[in-house]
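Pasting coords_5.cif here (mmCIF, C-alpha atoms):
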```cif
data_model
loop_
_atom_site.label_atom_id
_atom_site.label_comp_id
_atom_site.auth_asym_id
_atom_site.auth_seq_id
_atom_site.Cartn_x
_atom_site.Cartn_y
_atom_site.Cartn_z
CA MET Y 1 75.34 72.27 110.49
CA LYS Y 2 74.32 74.27 107.41
CA ALA Y 3 77.00 76.23 105.60
CA ILE Y 4 77.49 78.80 102.83
CA ILE Y 5 80.74 79.54 100.98
CA VAL Y 6 81.50 83.03 99.61
CA ASP Y 7 84.69 83.36 97.55
CA ASP Y 8 85.31 85.09 94.23
CA GLU Y 9 87.70 82.34 93.09
CA LYS Y 10 85.88 79.34 91.62
CA HIS Y 11 88.76 76.96 92.29
CA CYS Y 12 88.82 77.90 95.98
CA ARG Y 13 85.07 77.34 96.31
CA GLU Y 14 85.33 73.93 94.64
CA VAL Y 15 88.27 72.83 96.80
CA LEU Y 16 86.53 73.87 100.02
CA GLU Y 17 83.30 72.16 98.96
CA HIS Y 18 85.23 68.95 98.21
CA LEU Y 19 86.97 69.07 101.61
CA LEU Y 20 83.68 69.60 103.43
CA VAL Y 21 82.00 66.66 101.68
CA LYS Y 22 84.96 64.37 102.34
CA HIS Y 23 86.01 65.39 105.85
CA CYS Y 24 83.01 67.16 107.45
CA PRO Y 25 79.98 64.94 106.68
CA ASP Y 26 77.86 66.68 109.33
CA VAL Y 27 78.05 69.95 107.37
CA THR Y 28 75.38 70.49 104.71
CA LEU Y 29 76.30 73.04 102.06
CA LEU Y 30 73.44 75.38 101.15
CA GLY Y 31 75.38 76.95 98.28
CA ASN Y 32 78.55 78.71 97.19
CA TYR Y 33 78.68 82.24 95.81
CA ALA Y 34 81.22 84.27 93.87
CA ASP Y 35 80.55 87.67 95.45
CA GLY Y 36 79.11 89.35 98.49
CA ALA Y 37 76.07 90.78 96.71
CA GLN Y 38 74.89 87.31 95.67
CA ALA Y 39 75.43 85.90 99.13
CA LEU Y 40 73.71 88.80 100.89
CA ALA Y 41 70.30 87.96 99.46
CA ILE Y 42 70.67 84.32 100.50
CA LEU Y 43 71.82 85.23 104.00
CA HIS Y 44 68.71 87.34 104.51
CA GLN Y 45 66.54 84.39 103.45
CA HIS Y 46 68.40 81.48 105.05
CA SER Y 47 70.55 81.84 108.13
CA PRO Y 48 73.32 79.22 107.97
CA ASP Y 49 75.20 77.87 110.97
CA ILE Y 50 78.57 78.62 109.35
CA LEU Y 51 79.64 81.16 106.75
CA PHE Y 52 82.97 80.47 105.03
CA LEU Y 53 83.91 83.96 103.92
CA ASP Y 54 86.78 85.16 101.74
CA ILE Y 55 88.23 88.51 102.83
CA GLU Y 56 89.54 90.01 99.58
CA MET Y 57 86.83 90.10 96.89
CA PRO Y 58 86.05 92.64 94.16
CA GLY Y 59 82.96 94.80 94.55
CA MET Y 60 82.10 93.92 98.14
CA ASN Y 61 84.76 92.39 100.38
CA GLY Y 62 84.04 90.06 103.27
CA PHE Y 63 83.94 92.76 105.94
CA GLU Y 64 81.60 94.96 103.90
CA LEU Y 65 79.28 91.96 103.56
CA LEU Y 66 79.19 91.53 107.34
CA GLU Y 67 78.41 95.23 107.83
CA LYS Y 68 75.22 94.65 105.84
CA CYS Y 69 74.20 91.74 108.13
CA PRO Y 70 73.53 93.54 111.44
CA HIS Y 71 71.70 90.61 113.11
CA THR Y 72 74.26 87.92 112.46
CA ASN Y 73 73.53 84.63 114.21
CA PHE Y 74 75.99 82.37 112.41
CA GLU Y 75 79.63 81.49 112.94
CA ILE Y 76 82.16 83.05 110.57
CA ILE Y 77 85.20 81.17 109.32
CA PHE Y 78 87.27 83.55 107.22
CA THR Y 79 89.32 82.14 104.35
CA THR Y 80 92.30 84.15 103.18
CA ALA Y 81 95.68 83.86 101.50
CA TYR Y 82 97.20 86.82 103.34
CA ASN Y 83 95.97 90.10 104.91
CA GLU Y 84 97.87 90.00 108.18
CA TYR Y 85 96.34 93.10 109.76
CA ALA Y 86 92.87 91.58 109.31
CA ILE Y 87 93.98 88.27 110.81
CA LYS Y 88 95.23 90.13 113.87
CA ALA Y 89 91.80 91.75 114.30
CA ILE Y 90 90.05 88.40 113.74
CA ARG Y 91 92.12 86.78 116.50
CA HIS Y 92 91.38 89.62 118.92
CA SER Y 93 87.66 89.18 118.29
CA ALA Y 94 87.74 85.41 118.99
CA LEU Y 95 86.69 84.60 115.44
CA ASP Y 96 88.18 81.90 113.24
CA TYR Y 97 90.07 81.84 109.95
CA LEU Y 98 91.70 79.39 107.55
CA LEU Y 99 94.75 80.20 105.46
CA LYS Y 100 94.71 79.16 101.82
CA PRO Y 101 95.46 76.56 100.61
CA ILE Y 102 93.11 75.09 103.19
CA ASP Y 103 94.35 72.11 105.17
CA LYS Y 104 91.78 69.39 105.88
CA ASP Y 105 92.78 69.01 109.54
CA GLU Y 106 92.59 72.78 110.12
CA LEU Y 107 89.16 72.76 108.47
CA LYS Y 108 87.89 69.97 110.74
CA LEU Y 109 89.11 71.86 113.81
CA ALA Y 110 87.50 75.10 112.63
CA VAL Y 111 84.14 73.37 112.11
CA LEU Y 112 84.41 71.79 115.57
CA ARG Y 113 85.15 75.19 117.13
CA ALA Y 114 82.18 76.68 115.27
CA LYS Y 115 79.88 74.13 116.92
CA GLU Y 116 81.26 74.97 120.36
CA HIS Y 117 81.08 78.75 119.83
CA LYS Y 118 77.54 78.83 118.47
CA VAL Y 119 76.08 79.62 121.88
CA ASN Y 120 78.55 82.46 122.55
CA LYS Y 121 76.82 85.33 120.70
CA PRO Y 122 78.60 85.42 117.31
CA ALA Y 123 77.03 88.82 116.57
CA ASP Y 124 78.93 90.42 119.49
CA ARG Y 125 82.25 89.03 118.26
CA ILE Y 126 81.56 90.15 114.69
CA ASN Y 127 80.63 93.65 115.87
CA ASP Y 128 83.87 93.79 117.86
CA LEU Y 129 85.81 92.83 114.72
CA LEU Y 130 84.09 95.49 112.61
CA ASP Y 131 84.78 98.10 115.30
CA ARG Y 132 88.47 97.19 115.29
CA LEU Y 133 88.66 97.35 111.51
CA GLN Y 134 86.85 100.68 111.50
CA ILE Y 135 89.55 102.12 113.76
CA LYS Y 136 92.16 100.76 111.36
CA LYS Y 137 90.25 102.10 108.37
CA HIS Y 138 90.24 105.70 109.61
CA SER Y 139 93.77 105.75 110.99
CA LYS Y 140 96.15 107.21 108.39
CA ARG Y 141 99.06 107.97 110.72
CA PHE Y 142 101.23 105.62 112.72
CA ALA Y 143 104.25 105.88 115.03
CA ALA Y 144 107.39 104.76 113.19
CA ALA Y 145 110.19 103.45 115.43
CA THR Y 146 113.60 104.79 114.40
CA MET Y 147 117.01 104.61 116.08
CA GLU Y 148 116.39 108.09 117.56
CA GLY Y 149 112.82 107.50 118.73
CA LEU Y 150 109.27 107.61 117.35
CA ILE Y 151 108.25 109.66 114.31
CA MET Y 152 104.64 110.08 113.22
CA VAL Y 153 104.23 109.05 109.59
CA ASN Y 154 101.29 109.65 107.25
CA GLU Y 155 100.90 106.49 105.18
CA ASP Y 156 99.58 108.48 102.19
CA ASP Y 157 103.08 109.98 101.88
CA ILE Y 158 104.77 106.58 101.54
CA LEU Y 159 105.74 105.56 98.01
CA TYR Y 160 107.12 102.14 98.90
CA CYS Y 161 108.94 100.23 101.65
CA GLU Y 162 112.07 98.14 101.26
CA SER Y 163 113.39 95.38 103.51
CA ASP Y 164 116.88 96.03 104.87
CA SER Y 165 117.70 92.91 106.90
CA ALA Y 166 116.17 93.48 110.37
CA TYR Y 167 115.24 97.05 109.38
CA CYS Y 168 112.83 98.62 106.92
CA LYS Y 169 113.44 101.68 104.75
CA LEU Y 170 110.54 103.94 103.82
CA PHE Y 171 110.66 105.92 100.56
CA PHE Y 172 108.39 108.97 100.45
CA ILE Y 173 106.78 110.79 97.51
CA ASP Y 174 108.88 113.90 98.26
CA GLY Y 175 112.11 111.90 97.77
CA LYS Y 176 112.96 111.59 101.47
CA THR Y 177 113.74 108.25 103.15
CA LEU Y 178 113.44 106.93 106.69
CA LEU Y 179 115.11 103.85 108.21
CA LEU Y 180 112.94 102.08 110.78
CA SER Y 181 114.08 99.67 113.47
CA LYS Y 182 111.28 97.32 112.41
CA THR Y 183 111.09 94.55 109.81
CA LEU Y 184 109.11 94.93 106.59
CA LYS Y 185 106.59 92.46 107.99
CA ASP Y 186 106.06 94.65 111.07
CA VAL Y 187 105.43 97.70 108.85
CA GLU Y 188 103.10 95.72 106.60
CA GLU Y 189 100.87 94.87 109.57
CA VAL Y 190 100.10 98.52 110.36
CA LEU Y 191 99.45 99.72 106.80
CA HIS Y 192 96.11 99.43 104.99
CA HIS Y 193 96.03 96.32 102.82
CA ASP Y 194 93.58 97.82 100.36
CA VAL Y 195 96.27 100.40 99.48
CA PHE Y 196 99.60 98.70 100.24
CA CYS Y 197 100.62 95.45 98.61
CA ARG Y 198 103.58 93.14 99.21
CA ILE Y 199 104.89 92.48 95.68
CA HIS Y 200 108.14 90.80 96.71
CA ASN Y 201 109.87 89.56 99.86
CA SER Y 202 111.80 92.83 99.82
CA TYR Y 203 109.15 95.34 98.68
CA LEU Y 204 105.82 96.70 99.89
CA ILE Y 205 104.31 99.34 97.59
CA ASN Y 206 101.58 101.98 97.70
CA LEU Y 207 99.23 101.00 94.86
CA ASN Y 208 98.14 104.62 94.40
CA TYR Y 209 101.62 105.46 93.10
CA VAL Y 210 102.02 102.65 90.56
CA GLN Y 211 102.64 104.18 87.14
CA LYS Y 212 102.93 101.01 85.07
CA TYR Y 213 103.07 97.21 85.33
CA ILE Y 214 105.39 95.34 82.94
CA LYS Y 215 104.49 91.73 82.21
CA GLY Y 216 106.89 88.89 82.92
CA GLU Y 217 107.13 85.67 84.94
CA GLY Y 218 106.53 87.90 87.92
CA GLY Y 219 106.92 91.17 86.11
CA GLU Y 220 107.86 94.55 87.51
CA VAL Y 221 106.23 97.82 88.44
CA ILE Y 222 107.32 101.34 87.64
CA MET Y 223 106.50 103.71 90.47
CA ASN Y 224 105.70 107.42 90.09
CA ASN Y 225 109.31 108.38 90.82
CA GLY Y 226 110.47 106.24 87.88
CA ILE Y 227 112.03 103.40 89.87
CA ASN Y 228 111.47 99.80 88.72
CA LEU Y 229 110.63 97.21 91.39
CA PRO Y 230 110.36 93.44 90.83
CA VAL Y 231 107.14 91.48 91.36
CA SER Y 232 107.71 87.91 92.56
CA ARG Y 233 105.97 85.11 90.70
CA THR Y 234 104.19 83.90 93.85
CA ARG Y 235 102.76 87.35 94.63
CA LYS Y 236 101.82 88.35 91.09
CA GLN Y 237 98.14 87.28 91.11
CA ASP Y 238 97.34 88.90 94.46
CA PHE Y 239 99.03 92.10 93.28
CA LEU Y 240 97.10 92.23 89.99
CA LYS Y 241 93.79 91.58 91.75
CA LEU Y 242 94.36 94.50 94.13
CA LEU Y 243 95.62 96.75 91.33
CA GLU Y 244 92.41 96.20 89.35
CA ARG Y 245 90.41 97.55 92.31
CA ILE Y 246 92.26 100.86 92.50
#
```

Translate this file's structure into structure tokens.
Amino acid sequence: MKAIIVDDEKHCREVLEHLLVKHCPDVTLLGNYADGAQALAILHQHSPDILFLDIEMPGMNGFELLEKCPHTNFEIIFTTAYNEYAIKAIRHSALDYLLKPIDKDELKLAVLRAKEHKVNKPADRINDLLDRLQIKKHSKRFAAATMEGLIMVNEDDILYCESDSAYCKLFFIDGKTLLLSKTLKDVEEVLHHDVFCRIHNSYLINLNYVQKYIKGEGGEVIMNNGINLPVSRTRKQDFLKLLERI
């Protein structure tokens, strides 16, 4: 089995390469690449059996790379640290993924599944995934479940979301609020992850309305309405990476 790794983080590429050499000796690595543009040229020249593909990358993310490979004949194993809405779409399309940090046993199982799936038209499953993501991409409104019933919400109007035990409170740019009978995690799954970012266990923010980031162990953000929200230490790097793309 020939494989290619695409991930913008050098450390992640090195760790995955080490795990493949040590635990998957029947996989031959053709190369590892830091961005989609680099990998695209190689994929047109050499079709691997497996592509280990990071989802969130600057410039060209993993899904945009796949859109430029219309005649895909290789298995995809996505590698990601988060992005729950994408994982849901990946599962629906019968594709595989590994959560970072990658576990060696999960990696071995994913490679084994890739061998078994190779005959089952990977291009059809990838096209199904891209279709699902396209629907998500163009949908800006969603039905918010409240105590009274469903209210249609435009996500562009949301400033940030705050966890309130088993509920979630939405704060809008016009100063209004809305209490949902859903958890913050539930709300996070329906919002676009290229615009909304979980900065803390209690907060999910709209990156378009960040006014300022203040450095610290985790730091804090000042939103357009002047409110300060904490950034947790464990979510800081993912937040800063997304903020740089806005």

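The smallest atom-to-atom distance between Y:Asp49 and any of Y:Glu9, Y:Asp238, Y:Glu188, Y:Glu116, using all atoms listed in the file, is found for Y:Glu116.
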
On this structure, which residues satisfy the PyMOL selection byres ((chain Y and resi 173) around 8), written as a list of chain:residue names?
-> Y:Asp157, Y:Ile158, Y:Leu159, Y:Phe171, Y:Phe172, Y:Asp174, Y:Gly175, Y:Lys176, Y:Asn225

Neighbours of Y:Ile102 within 9 Å (only C-alpha atoms; same-chain residues fewer than 4 positions away dropped), as number ranges by chain?
-> Y: 12, 15-16, 19, 79, 98, 106-107

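Taking atom CA of Y:Tyr167 as the reference point, atom CA of Y:Arg235 is found at 21.6 Å.
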
Do you know which residues the PyMOL selection byres ((chain Y and resi 4) around 7) returns on this file, as a list in words?
-> Ala3, Ile5, Val6, Leu29, Leu30, Gly31, Asn32, Pro48, Ile50, Leu51 and Phe52 of chain Y

Residue contacts of stretch 140-149 of chain Y (6 Å, all atoms listed in the file) excluding same-chain residues fewer than 4 positions away, as a PyMOL selection string | chain Y and resi 153-155+180-181

Fewer than 5 positions away in the same chain doesn't count, so skip those; otherwise give me all residues within 8 Å of Y:Leu184, counting all atoms listed in the file, as JSON, numbers by chain.
-> {"Y": [161, 162, 163, 167, 168, 202, 203, 204]}

Identify the residues around (82.0, 78.9, 118.5) within a radius of 12 Å, measuring from all atoms listed in the file in the coordinates stated by the file, and give them as a CSV table (one decimal) with C-alpha atoms, keeping the file's coordinate frame.
```csv
chain,number,residue,atom,x,y,z
Y,49,ASP,CA,75.2,77.9,111.0
Y,50,ILE,CA,78.6,78.6,109.4
Y,73,ASN,CA,73.5,84.6,114.2
Y,74,PHE,CA,76.0,82.4,112.4
Y,75,GLU,CA,79.6,81.5,112.9
Y,76,ILE,CA,82.2,83.0,110.6
Y,77,ILE,CA,85.2,81.2,109.3
Y,93,SER,CA,87.7,89.2,118.3
Y,94,ALA,CA,87.7,85.4,119.0
Y,95,LEU,CA,86.7,84.6,115.4
Y,96,ASP,CA,88.2,81.9,113.2
Y,109,LEU,CA,89.1,71.9,113.8
Y,110,ALA,CA,87.5,75.1,112.6
Y,111,VAL,CA,84.1,73.4,112.1
Y,112,LEU,CA,84.4,71.8,115.6
Y,113,ARG,CA,85.2,75.2,117.1
Y,114,ALA,CA,82.2,76.7,115.3
Y,115,LYS,CA,79.9,74.1,116.9
Y,116,GLU,CA,81.3,75.0,120.4
Y,117,HIS,CA,81.1,78.8,119.8
Y,118,LYS,CA,77.5,78.8,118.5
Y,119,VAL,CA,76.1,79.6,121.9
Y,120,ASN,CA,78.6,82.5,122.6
Y,121,LYS,CA,76.8,85.3,120.7
Y,122,PRO,CA,78.6,85.4,117.3
Y,123,ALA,CA,77.0,88.8,116.6
Y,124,ASP,CA,78.9,90.4,119.5
Y,125,ARG,CA,82.2,89.0,118.3
Y,126,ILE,CA,81.6,90.2,114.7
```

Determine the residue membership of the PyMOL selection byres ((chain Y and resi 217) around 8) for the file above and supply it as a ChimeraX atom specification.
-> /Y:215-216,218-219,232-233

Export, as a tab-separated table (two decimals), keeping the file's coordinate frame, the selected residues with C-alpha atoms.
```tsv
chain	number	residue	atom	x	y	z
Y	215	LYS	CA	104.49	91.73	82.21
Y	216	GLY	CA	106.89	88.89	82.92
Y	218	GLY	CA	106.53	87.90	87.92
Y	219	GLY	CA	106.92	91.17	86.11
Y	232	SER	CA	107.71	87.91	92.56
Y	233	ARG	CA	105.97	85.11	90.70
```

Of the listed residues Y:Met1, Y:Ala166, Y:Leu65, Y:Ile227, that which approaches Y:Leu179 most closely, counting all atoms listed in the file |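 Result for the nearest residue to Y:Leu179: Y:Ala166.
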
What is the distance, in Å and to one decimal place, between atom CA of Y:Lys182 and atom CA of Y:Leu229?
->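 Taking atom CA of Y:Lys182 as the start and atom CA of Y:Leu229 as the end point, the length is 21.0 Å.
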
Neighbours of Y:Asn224 within 10 Å (all atoms listed in the file; same-chain residues fewer than 4 positions away dropped), as an NGL selection string?
-> :Y and (159 or 173 or 208-212 or 228)

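One distance worth recording is that between atom CA of Y:His92 and atom CA of Y:Asp105, which is 22.7 Å.
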
Minimum-distance residue to Y:Leu66, chosen among Y:Thr80, Y:Asn127, Y:Ser47, Y:Thr28 (using all atoms listed in the file) =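 Once distances to Y:Leu66 are computed over all atoms listed in the file, the minimum belongs to Y:Asn127.
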
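Nearest residue to Y:Glu56 among Y:Phe239, Y:Lys2, Y:Ile214, Y:Leu150 is Y:Phe239, counting only C-alpha atoms.
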